[in-house]
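What's in work_26.cif: mmCIF, C-alpha atoms
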data_entry
#
loop_
_atom_site.group_PDB
_atom_site.id
_atom_site.type_symbol
_atom_site.label_atom_id
_atom_site.label_comp_id
_atom_site.auth_asym_id
_atom_site.auth_seq_id
_atom_site.Cartn_x
_atom_site.Cartn_y
_atom_site.Cartn_z
ATOM 1 C CA MET S 1 105.939 68.680 80.457
ATOM 2 C CA PRO S 2 105.339 69.072 84.196
ATOM 3 C CA LEU S 3 104.152 65.470 84.594
ATOM 4 C CA GLU S 4 107.653 64.272 83.810
ATOM 5 C CA PHE S 5 108.617 65.561 87.239
ATOM 6 C CA GLY S 6 105.444 64.915 89.178
ATOM 7 C CA LEU S 7 102.915 67.729 89.354
ATOM 8 C CA ALA S 8 103.114 69.714 92.580
ATOM 9 C CA SER S 9 100.552 68.664 95.137
ATOM 10 C CA PRO S 10 97.330 70.735 95.072
ATOM 11 C CA PRO S 11 97.842 73.957 97.038
ATOM 12 C CA ASP S 12 94.658 73.557 99.100
ATOM 13 C CA GLU S 13 96.635 73.798 102.335
ATOM 14 C CA LEU S 14 98.631 76.820 101.121
ATOM 15 C CA ILE S 15 97.746 80.494 101.422
ATOM 16 C CA ASN S 16 96.434 81.787 98.100
ATOM 17 C CA SER S 17 95.780 85.450 98.909
ATOM 18 C CA MET S 18 98.063 88.351 99.791
ATOM 19 C CA LEU S 19 98.422 88.841 103.532
ATOM 20 C CA PRO S 20 100.282 91.603 105.378
ATOM 21 C CA GLY S 21 103.594 90.763 106.959
ATOM 22 C CA ARG S 22 106.379 93.123 107.928
ATOM 23 C CA LEU S 23 105.035 95.302 105.096
ATOM 24 C CA PRO S 24 101.422 95.826 103.983
ATOM 25 C CA ALA S 25 100.044 93.389 101.437
ATOM 26 C CA GLY S 26 100.802 94.453 97.871
ATOM 27 C CA THR S 27 103.779 96.628 98.838
ATOM 28 C CA PHE S 28 106.879 96.667 96.650
ATOM 29 C CA THR S 29 110.013 95.156 98.155
ATOM 30 C CA ASP S 30 113.570 95.697 96.959
ATOM 31 C CA ASP S 31 113.032 93.180 94.140
ATOM 32 C CA THR S 32 110.514 95.391 92.352
ATOM 33 C CA GLU S 33 112.110 98.687 93.354
ATOM 34 C CA MET S 34 115.502 97.769 91.913
ATOM 35 C CA ALA S 35 113.849 96.370 88.780
ATOM 36 C CA LEU S 36 112.045 99.689 88.313
ATOM 37 C CA ALA S 37 115.330 101.561 88.733
ATOM 38 C CA LEU S 38 116.862 99.301 86.076
ATOM 39 C CA ALA S 39 113.923 99.836 83.736
ATOM 40 C CA GLU S 40 114.069 103.616 84.152
ATOM 41 C CA SER S 41 117.817 103.628 83.522
ATOM 42 C CA ILE S 42 117.350 101.688 80.270
ATOM 43 C CA LEU S 43 114.636 104.109 79.156
ATOM 44 C CA ALA S 44 116.710 107.168 80.087
ATOM 45 C CA VAL S 45 119.961 106.195 78.338
ATOM 46 C CA ARG S 46 118.339 103.982 75.680
ATOM 47 C CA SER S 47 120.820 101.248 76.479
ATOM 48 C CA LEU S 48 122.377 99.756 79.591
ATOM 49 C CA GLU S 49 124.951 102.105 81.074
ATOM 50 C CA PRO S 50 126.300 100.774 84.394
ATOM 51 C CA GLY S 51 127.313 104.186 85.700
ATOM 52 C CA ASP S 52 123.783 105.541 85.306
ATOM 53 C CA LEU S 53 122.357 102.363 86.821
ATOM 54 C CA ALA S 54 124.671 102.571 89.814
ATOM 55 C CA ARG S 55 123.630 106.189 90.415
ATOM 56 C CA ARG S 56 119.968 105.213 90.359
ATOM 57 C CA PHE S 57 120.569 102.319 92.743
ATOM 58 C CA ALA S 58 122.470 104.668 95.063
ATOM 59 C CA ASP S 59 119.606 107.197 94.990
ATOM 60 C CA TRP S 60 117.196 104.401 95.902
ATOM 61 C CA TYR S 61 119.478 103.301 98.754
ATOM 62 C CA ARG S 62 119.728 106.858 100.138
ATOM 63 C CA ARG S 63 115.937 106.869 100.503
ATOM 64 C CA ASN S 64 116.246 104.165 103.196
ATOM 65 C CA PRO S 65 114.252 101.333 101.625
ATOM 66 C CA PRO S 66 112.682 99.081 104.267
ATOM 67 C CA ASP S 67 113.982 95.989 102.486
ATOM 68 C CA VAL S 68 117.541 95.659 101.111
ATOM 69 C CA GLY S 69 119.920 92.701 100.932
ATOM 70 C CA ILE S 70 123.169 92.586 102.896
ATOM 71 C CA HIS S 71 125.446 92.310 99.858
ATOM 72 C CA THR S 72 123.562 95.007 97.950
ATOM 73 C CA SER S 73 123.619 97.282 100.975
ATOM 74 C CA SER S 74 127.382 96.851 101.372
ATOM 75 C CA VAL S 75 128.028 97.761 97.733
ATOM 76 C CA LEU S 76 125.672 100.739 97.637
ATOM 77 C CA HIS S 77 126.962 102.087 100.960
ATOM 78 C CA ARG S 78 130.392 102.315 99.347
ATOM 79 C CA VAL S 79 128.966 103.923 96.205
ATOM 80 C CA CYS S 80 127.153 106.501 98.338
ATOM 81 C CA SER S 81 130.456 107.171 100.114
ATOM 82 C CA GLY S 82 132.095 108.128 96.823
ATOM 83 C CA GLU S 83 133.569 104.898 95.466
ATOM 84 C CA SER S 84 133.017 103.942 91.849
ATOM 85 C CA TRP S 85 130.617 101.063 91.332
ATOM 86 C CA GLN S 86 133.517 98.967 90.048
ATOM 87 C CA ALA S 87 135.612 99.541 93.174
ATOM 88 C CA ALA S 88 132.644 99.072 95.480
ATOM 89 C CA THR S 89 131.576 95.775 93.931
ATOM 90 C CA ARG S 90 135.149 94.509 93.740
ATOM 91 C CA GLY S 91 135.801 95.426 97.358
ATOM 92 C CA VAL S 92 132.689 93.767 98.743
ATOM 93 C CA GLN S 93 133.250 90.614 96.687
ATOM 94 C CA ALA S 94 136.875 90.415 97.819
ATOM 95 C CA LYS S 95 135.784 90.318 101.453
ATOM 96 C CA ASP S 96 133.696 87.226 100.758
ATOM 97 C CA PRO S 97 134.700 85.687 97.409
ATOM 98 C CA SER S 98 132.091 82.926 97.691
ATOM 99 C CA SER S 99 129.180 85.355 98.166
ATOM 100 C CA ALA S 100 126.629 84.732 95.400
ATOM 101 C CA GLY S 101 123.388 86.325 96.530
ATOM 102 C CA ASN S 102 120.143 86.690 94.600
ATOM 103 C CA GLY S 103 120.091 90.493 94.563
ATOM 104 C CA SER S 104 120.739 90.836 90.829
ATOM 105 C CA VAL S 105 118.655 87.960 89.485
ATOM 106 C CA MET S 106 115.579 89.299 91.300
ATOM 107 C CA ARG S 107 115.643 92.522 89.246
ATOM 108 C CA CYS S 108 116.945 91.367 85.869
ATOM 109 C CA TRP S 109 113.679 91.019 83.893
ATOM 110 C CA PRO S 110 113.522 94.562 82.389
ATOM 111 C CA VAL S 111 116.514 93.640 80.217
ATOM 112 C CA ALA S 112 114.572 90.784 78.622
ATOM 113 C CA ILE S 113 111.681 93.124 77.783
ATOM 114 C CA ALA S 114 113.817 95.977 76.476
ATOM 115 C CA ALA S 115 115.995 93.743 74.264
ATOM 116 C CA TRP S 116 113.346 91.157 73.440
ATOM 117 C CA GLN S 117 114.347 91.077 69.765
ATOM 118 C CA ASN S 118 118.080 90.702 70.406
ATOM 119 C CA GLN S 119 119.066 87.532 72.261
ATOM 120 C CA LYS S 120 122.786 88.330 72.187
ATOM 121 C CA LEU S 121 122.180 91.708 73.800
ATOM 122 C CA ILE S 122 119.929 90.134 76.437
ATOM 123 C CA LEU S 123 122.768 87.832 77.496
ATOM 124 C CA GLU S 124 125.324 90.656 77.542
ATOM 125 C CA PHE S 125 123.194 93.217 79.363
ATOM 126 C CA SER S 126 121.846 90.665 81.860
ATOM 127 C CA GLN S 127 125.369 90.045 83.058
ATOM 128 C CA LEU S 128 126.361 93.708 82.956
ATOM 129 C CA GLN S 129 123.458 94.837 85.149
ATOM 130 C CA SER S 130 124.426 92.122 87.636
ATOM 131 C CA GLN S 131 128.047 93.242 87.752
ATOM 132 C CA VAL S 132 127.018 96.644 89.101
ATOM 133 C CA THR S 133 126.368 94.999 92.486
ATOM 134 C CA HIS S 134 126.909 91.212 92.142
ATOM 135 C CA SER S 135 130.004 90.182 90.203
ATOM 136 C CA HIS S 136 130.146 86.497 91.191
ATOM 137 C CA GLU S 137 129.927 84.258 88.118
ATOM 138 C CA GLU S 138 126.897 82.423 89.485
ATOM 139 C CA CYS S 139 125.073 85.746 89.783
ATOM 140 C CA THR S 140 125.965 87.033 86.320
ATOM 141 C CA SER S 141 125.280 83.726 84.565
ATOM 142 C CA GLY S 142 122.131 83.174 86.627
ATOM 143 C CA CYS S 143 120.742 86.473 85.329
ATOM 144 C CA ALA S 144 121.657 85.467 81.784
ATOM 145 C CA PHE S 145 119.905 82.121 82.234
ATOM 146 C CA VAL S 146 116.673 83.601 83.606
ATOM 147 C CA ASN S 147 116.500 86.299 80.946
ATOM 148 C CA ASN S 148 117.314 83.811 78.200
ATOM 149 C CA MET S 149 114.362 81.748 79.388
ATOM 150 C CA LEU S 150 112.259 84.909 79.306
ATOM 151 C CA TYR S 151 113.420 85.534 75.735
ATOM 152 C CA HIS S 152 112.136 82.139 74.646
ATOM 153 C CA LEU S 153 108.908 82.424 76.647
ATOM 154 C CA ILE S 154 108.194 85.852 75.144
ATOM 155 C CA HIS S 155 108.684 84.302 71.710
ATOM 156 C CA GLY S 156 106.137 81.595 72.418
ATOM 157 C CA LYS S 157 108.048 78.580 73.687
ATOM 158 C CA LYS S 158 106.440 76.400 76.345
ATOM 159 C CA PRO S 159 108.086 76.537 79.790
ATOM 160 C CA TYR S 160 110.027 73.281 79.544
ATOM 161 C CA ASP S 161 111.179 74.056 76.003
ATOM 162 C CA ALA S 162 112.402 77.489 77.133
ATOM 163 C CA TYR S 163 114.213 75.839 80.036
ATOM 164 C CA GLU S 164 115.952 73.342 77.747
ATOM 165 C CA ALA S 165 116.917 76.069 75.295
ATOM 166 C CA ALA S 166 118.467 78.199 78.040
ATOM 167 C CA LEU S 167 120.429 75.207 79.315
ATOM 168 C CA ARG S 168 121.917 74.759 75.846
ATOM 169 C CA GLU S 169 122.612 78.418 75.168
ATOM 170 C CA VAL S 170 123.920 79.901 78.435
ATOM 171 C CA HIS S 171 127.316 79.027 79.859
ATOM 172 C CA LEU S 172 126.872 78.180 83.535
ATOM 173 C CA PRO S 173 129.456 77.419 86.213
ATOM 174 C CA GLN S 174 129.331 73.787 87.246
ATOM 175 C CA GLY S 175 127.609 74.191 90.605
ATOM 176 C CA LEU S 176 124.840 76.398 89.276
ATOM 177 C CA ALA S 177 124.407 74.202 86.206
ATOM 178 C CA GLN S 178 123.938 71.135 88.406
ATOM 179 C CA THR S 179 121.351 72.949 90.529
ATOM 180 C CA ILE S 180 119.422 74.103 87.475
ATOM 181 C CA MET S 181 119.445 70.658 85.859
ATOM 182 C CA LEU S 182 118.117 69.029 89.021
ATOM 183 C CA ALA S 183 115.626 71.769 89.942
ATOM 184 C CA PRO S 184 112.536 70.339 88.178
ATOM 185 C CA HIS S 185 113.083 66.945 89.798
ATOM 186 C CA ARG S 186 113.298 68.148 93.402
ATOM 187 C CA LYS S 187 110.659 67.406 95.982
ATOM 188 C CA ARG S 188 109.066 70.538 97.350
ATOM 189 C CA GLU S 189 110.274 69.825 100.880
ATOM 190 C CA GLU S 190 113.869 69.773 99.607
ATOM 191 C CA LEU S 191 113.782 73.409 98.457
ATOM 192 C CA ARG S 192 115.609 75.718 100.867
ATOM 193 C CA ASN S 193 114.683 79.045 99.201
ATOM 194 C CA THR S 194 117.451 81.072 100.836
ATOM 195 C CA GLY S 195 119.133 84.243 99.571
ATOM 196 C CA TRP S 196 121.666 82.195 97.583
ATOM 197 C CA VAL S 197 121.196 82.702 93.841
ATOM 198 C CA ARG S 198 121.223 78.928 93.331
ATOM 199 C CA HIS S 199 118.319 78.421 95.707
ATOM 200 C CA THR S 200 116.257 81.257 94.230
ATOM 201 C CA ILE S 201 116.585 79.994 90.664
ATOM 202 C CA GLU S 202 116.002 76.421 91.832
ATOM 203 C CA SER S 203 112.737 77.342 93.574
ATOM 204 C CA ALA S 204 111.492 79.460 90.683
ATOM 205 C CA LEU S 205 112.221 76.755 88.112
ATOM 206 C CA TRP S 206 110.653 74.070 90.278
ATOM 207 C CA GLY S 207 107.480 76.148 90.603
ATOM 208 C CA LEU S 208 107.256 76.952 86.897
ATOM 209 C CA LEU S 209 107.962 73.419 85.671
ATOM 210 C CA ASN S 210 105.816 71.538 88.179
ATOM 211 C CA THR S 211 102.575 73.481 87.751
ATOM 212 C CA TYR S 212 100.308 74.396 84.859
ATOM 213 C CA ASN S 213 99.345 78.028 85.514
ATOM 214 C CA PHE S 214 100.532 81.337 86.949
ATOM 215 C CA GLU S 215 98.554 81.156 90.181
ATOM 216 C CA ASP S 216 99.716 77.678 91.205
ATOM 217 C CA ALA S 217 103.338 78.438 90.337
ATOM 218 C CA LEU S 218 103.373 81.514 92.565
ATOM 219 C CA ILE S 219 101.421 79.941 95.420
ATOM 220 C CA GLN S 220 103.743 76.966 95.543
ATOM 221 C CA VAL S 221 106.920 79.078 95.449
ATOM 222 C CA ILE S 222 105.953 81.957 97.747
ATOM 223 C CA ASN S 223 104.563 79.597 100.374
ATOM 224 C CA LEU S 224 108.024 78.080 100.687
ATOM 225 C CA GLY S 225 108.758 81.043 102.950
ATOM 226 C CA ALA S 226 112.339 82.134 103.712
ATOM 227 C CA ASP S 227 113.337 84.585 100.917
ATOM 228 C CA ALA S 228 109.835 84.357 99.513
ATOM 229 C CA ASP S 229 109.654 87.763 97.834
ATOM 230 C CA THR S 230 112.734 87.141 95.707
ATOM 231 C CA ALA S 231 111.854 83.608 94.683
ATOM 232 C CA GLY S 232 108.359 84.922 93.951
ATOM 233 C CA ALA S 233 109.759 87.759 91.849
ATOM 234 C CA VAL S 234 111.750 85.370 89.654
ATOM 235 C CA ALA S 235 108.961 82.810 89.454
ATOM 236 C CA GLY S 236 106.497 85.596 88.688
ATOM 237 C CA ALA S 237 108.605 86.936 85.825
ATOM 238 C CA LEU S 238 108.905 83.482 84.278
ATOM 239 C CA ALA S 239 105.281 82.484 84.835
ATOM 240 C CA GLY S 240 104.073 85.880 83.663
ATOM 241 C CA ALA S 241 105.939 85.478 80.386
ATOM 242 C CA ALA S 242 104.601 81.932 80.055
ATOM 243 C CA TYR S 243 100.921 82.602 80.810
ATOM 244 C CA GLY S 244 100.338 86.327 80.250
ATOM 245 C CA LEU S 245 98.748 89.196 82.126
ATOM 246 C CA GLU S 246 95.251 87.728 82.136
ATOM 247 C CA ALA S 247 96.493 84.698 84.065
ATOM 248 C CA ILE S 248 97.302 86.828 87.122
ATOM 249 C CA PRO S 249 94.386 86.628 89.589
ATOM 250 C CA ALA S 250 92.362 89.837 89.667
ATOM 251 C CA PRO S 251 92.513 90.171 93.491
ATOM 252 C CA TRP S 252 96.302 90.092 93.328
ATOM 253 C CA LYS S 253 96.364 92.902 90.784
ATOM 254 C CA LYS S 254 93.843 94.903 92.793
ATOM 255 C CA ALA S 255 95.966 94.568 95.957
ATOM 256 C CA LEU S 256 98.983 96.209 94.344
ATOM 257 C CA ARG S 257 100.003 99.327 96.276
ATOM 258 C CA GLY S 258 103.708 99.821 95.670
ATOM 259 C CA GLU S 259 105.191 103.307 96.043
ATOM 260 C CA TRP S 260 107.799 104.354 93.502
ATOM 261 C CA PRO S 261 110.042 106.251 93.821
ATOM 262 C CA ILE S 262 110.308 105.800 97.573
ATOM 263 C CA ASN S 263 108.842 108.796 99.453
ATOM 264 C CA SER S 264 107.240 110.133 96.265
ATOM 265 C CA VAL S 265 103.652 109.325 97.337
ATOM 266 C CA LYS S 266 103.239 107.835 93.835
ATOM 267 C CA ILE S 267 101.331 104.548 94.229
ATOM 268 C CA TRP S 268 101.666 102.286 91.231
ATOM 269 C CA SER S 269 98.811 100.389 89.651
ATOM 270 C CA VAL S 270 98.850 97.526 87.179
ATOM 271 C CA LYS S 271 98.263 100.113 84.444
ATOM 272 C CA ASP S 272 101.517 101.877 85.377
ATOM 273 C CA LEU S 273 103.469 98.643 85.113
ATOM 274 C CA ILE S 274 101.887 97.824 81.759
ATOM 275 C CA THR S 275 102.830 101.267 80.456
ATOM 276 C CA LEU S 276 106.410 100.776 81.642
ATOM 277 C CA ALA S 277 106.654 97.376 79.955
ATOM 278 C CA ASP S 278 105.163 98.770 76.738
ATOM 279 C CA ASN S 279 107.694 101.601 76.759
ATOM 280 C CA LEU S 280 110.550 99.166 77.275
ATOM 281 C CA ALA S 281 109.433 96.811 74.527
ATOM 282 C CA GLY S 282 107.836 99.166 72.050
ATOM 283 C CA SER S 283 110.927 100.821 70.612
ATOM 284 C CA ALA S 284 113.415 97.966 70.763
ATOM 285 C CA ASP S 285 116.045 98.009 68.014
ATOM 286 C CA PRO S 286 117.126 94.443 67.186
ATOM 287 C CA ASN S 287 120.201 95.591 65.252
ATOM 288 C CA SER S 288 121.794 98.015 67.702
ATOM 289 C CA ARG S 289 123.518 98.045 71.064
ATOM 290 C CA ASN S 290 121.001 100.735 71.874
ATOM 291 C CA VAL S 291 118.019 98.662 72.954
ATOM 292 C CA LEU S 292 115.747 101.604 72.144
ATOM 293 C CA ASN S 293 115.673 103.704 68.970
#
Translate this structure into structure tokens?
Amino acid sequence: MPLEFGLASPPDELINSMLPGRLPAGTFTDDTEMALALAESILAVRSLEPGDLARRFADWYRRNPPDVGIHTSSVLHRVCSGESWQAATRGVQAKDPSSAGNGSVMRCWPVAIAAWQNQKLILEFSQLQSQVTHSHEECTSGCAFVNNMLYHLIHGKKPYDAYEAALREVHLPQGLAQTIMLAPHRKREELRNTGWVRHTIESALWGLLNTYNFEDALIQVINLGADADTAGAVAGALAGAAYGLEAIPAPWKKALRGEWPINSVKIWSVKDLITLADNLAGSADPNSRNVLN
């Protein structure tokens, strides 16, 4: 229950509507764009095939997205130059072995929808999609943790129960495990919300477990600033699974104006995203490595 940790202070002093920044309000950033590429790869191959996913990520990167992380950019630049995804990811990680960015956890949610009936496959594919760009153990296990929470939320567990279940069921490296266990107990001013996977998951969990509804969770997390879009993407996935589509404020849905694919002049609406989610979830096969029949 959120009151165990002290409910977040009322967000009266926080911005509660979408405002333009470097990009127009409602625009997709790399978080959503890479998630859409992942979703489309799953639908195309009816499973998770890292080679296909890497090709789709590389195509997205060639279109010069206005927002792309440093680690992701380094990997995809190598892929676009002809390296295999395995060599590219290995090479970038070797240059900075401690690098554990949030570029794979921000996009991981389509796996939880596509394999919603198969928890084992969710854990496996969550890590595999991460390895295409982010092979650090904190990245791969962080994706497994978030999607395992989504699995339990989709199946009706309350947020704190889903959190506890994921803690029991997902193997986490010590540092990330400590961060996740302490996340609900943090004070808001202690959250750094950087591009480190630990900080992103910490902020998202804090927001989910210290509020009672979708709107407050997102307002509290996104108004932390720093890497706000990524923390918001993870918090939004978790809170969306917890509270449902109707809990998202209507003005936020109306403001959506993301273009996908980049330079396609195709502007996505909420209806498009619902259709995508329905396609991912509707044909799931709980007894096969193929997440779709």
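Excluding Cys143 in chain S and any residue on its chain fewer than 5 positions from it, the residues at most 10 Å away by only C-alpha atoms are Asn102, Ser104, Val105, Met106, Arg107, Cys108, Trp109, Val111, Ile122, Leu123, Glu124, Phe125, Ser126, Gln127, Leu128, Gln129, Ser130, Glu137, Glu138, Asn148, Met149, Val197 and Ile201 of chain S.
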Inset, instruction - Quote the spacing between CA of Leu191 in chain S and CA of Ser203 in chain S in Å to one decimal place. - result: 6.4 Å
Legend entry - Ground truth for the PyMOL selection byres ((chain S and resi 272) around 12), written as a ChimeraX atom specification: /S:36,253,256-260,266-271,273-279
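Our summary of the geometry notes that CA of Pro261 in chain S is positioned 25.1 Å from CA of Asn290 in chain S.
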Legend entry - Residues matched by the PyMOL selection byres ((chain S and resi 145) around 9) as number ranges by chain: S: 123, 126, 140-144, 146-150, 163, 166-167, 169-172
Inset, instruction - Please indicate the distance in Å from CA of Thr133 in chain S to CA of Thr89 in chain S, rounded to one decimal place. - result: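 If I compute the distance from CA of Thr133 in chain S to CA of Thr89 in chain S, I get 5.5 Å.
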Inset, instruction - For Asn193 in chain S, please output as a VMD selection string all residues within 10 Å (counting all atoms listed in the file; exclusion window: fewer than 4 positions along the same chain). - result: chain S and resid 197 to 204 221 to 222 224 to 228 230 to 231
So that all listed atoms of range 247-250 of chain S fit with 4 Å spare on each side, what axis-aligned box centre and edge lengths in Å, to one decimal, would you give as lines of an AutoDock Vina configuration file?
center_x = 94.8
center_y = 87.3
center_z = 86.9
size_x = 12.9
size_y = 13.1
size_z = 13.6
Could you list, as a PDB file with C-alpha atoms, in the frame of the given file, every residue matched by the PyMOL selection byres ((chain S and resi 47) around 6) in this structure?
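After the write, selection-v3.pdb holds the following:
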ATOM      1  CA  ILE S  42     117.350 101.688  80.270  1.00  0.00           C
ATOM      2  CA  VAL S  45     119.961 106.195  78.338  1.00  0.00           C
ATOM      3  CA  ARG S  46     118.339 103.982  75.680  1.00  0.00           C
ATOM      4  CA  LEU S  48     122.377  99.756  79.591  1.00  0.00           C
ATOM      5  CA  ASN S 290     121.001 100.735  71.874  1.00  0.00           C
ATOM      6  CA  VAL S 291     118.019  98.662  72.954  1.00  0.00           C
TER       7      VAL S 291
END
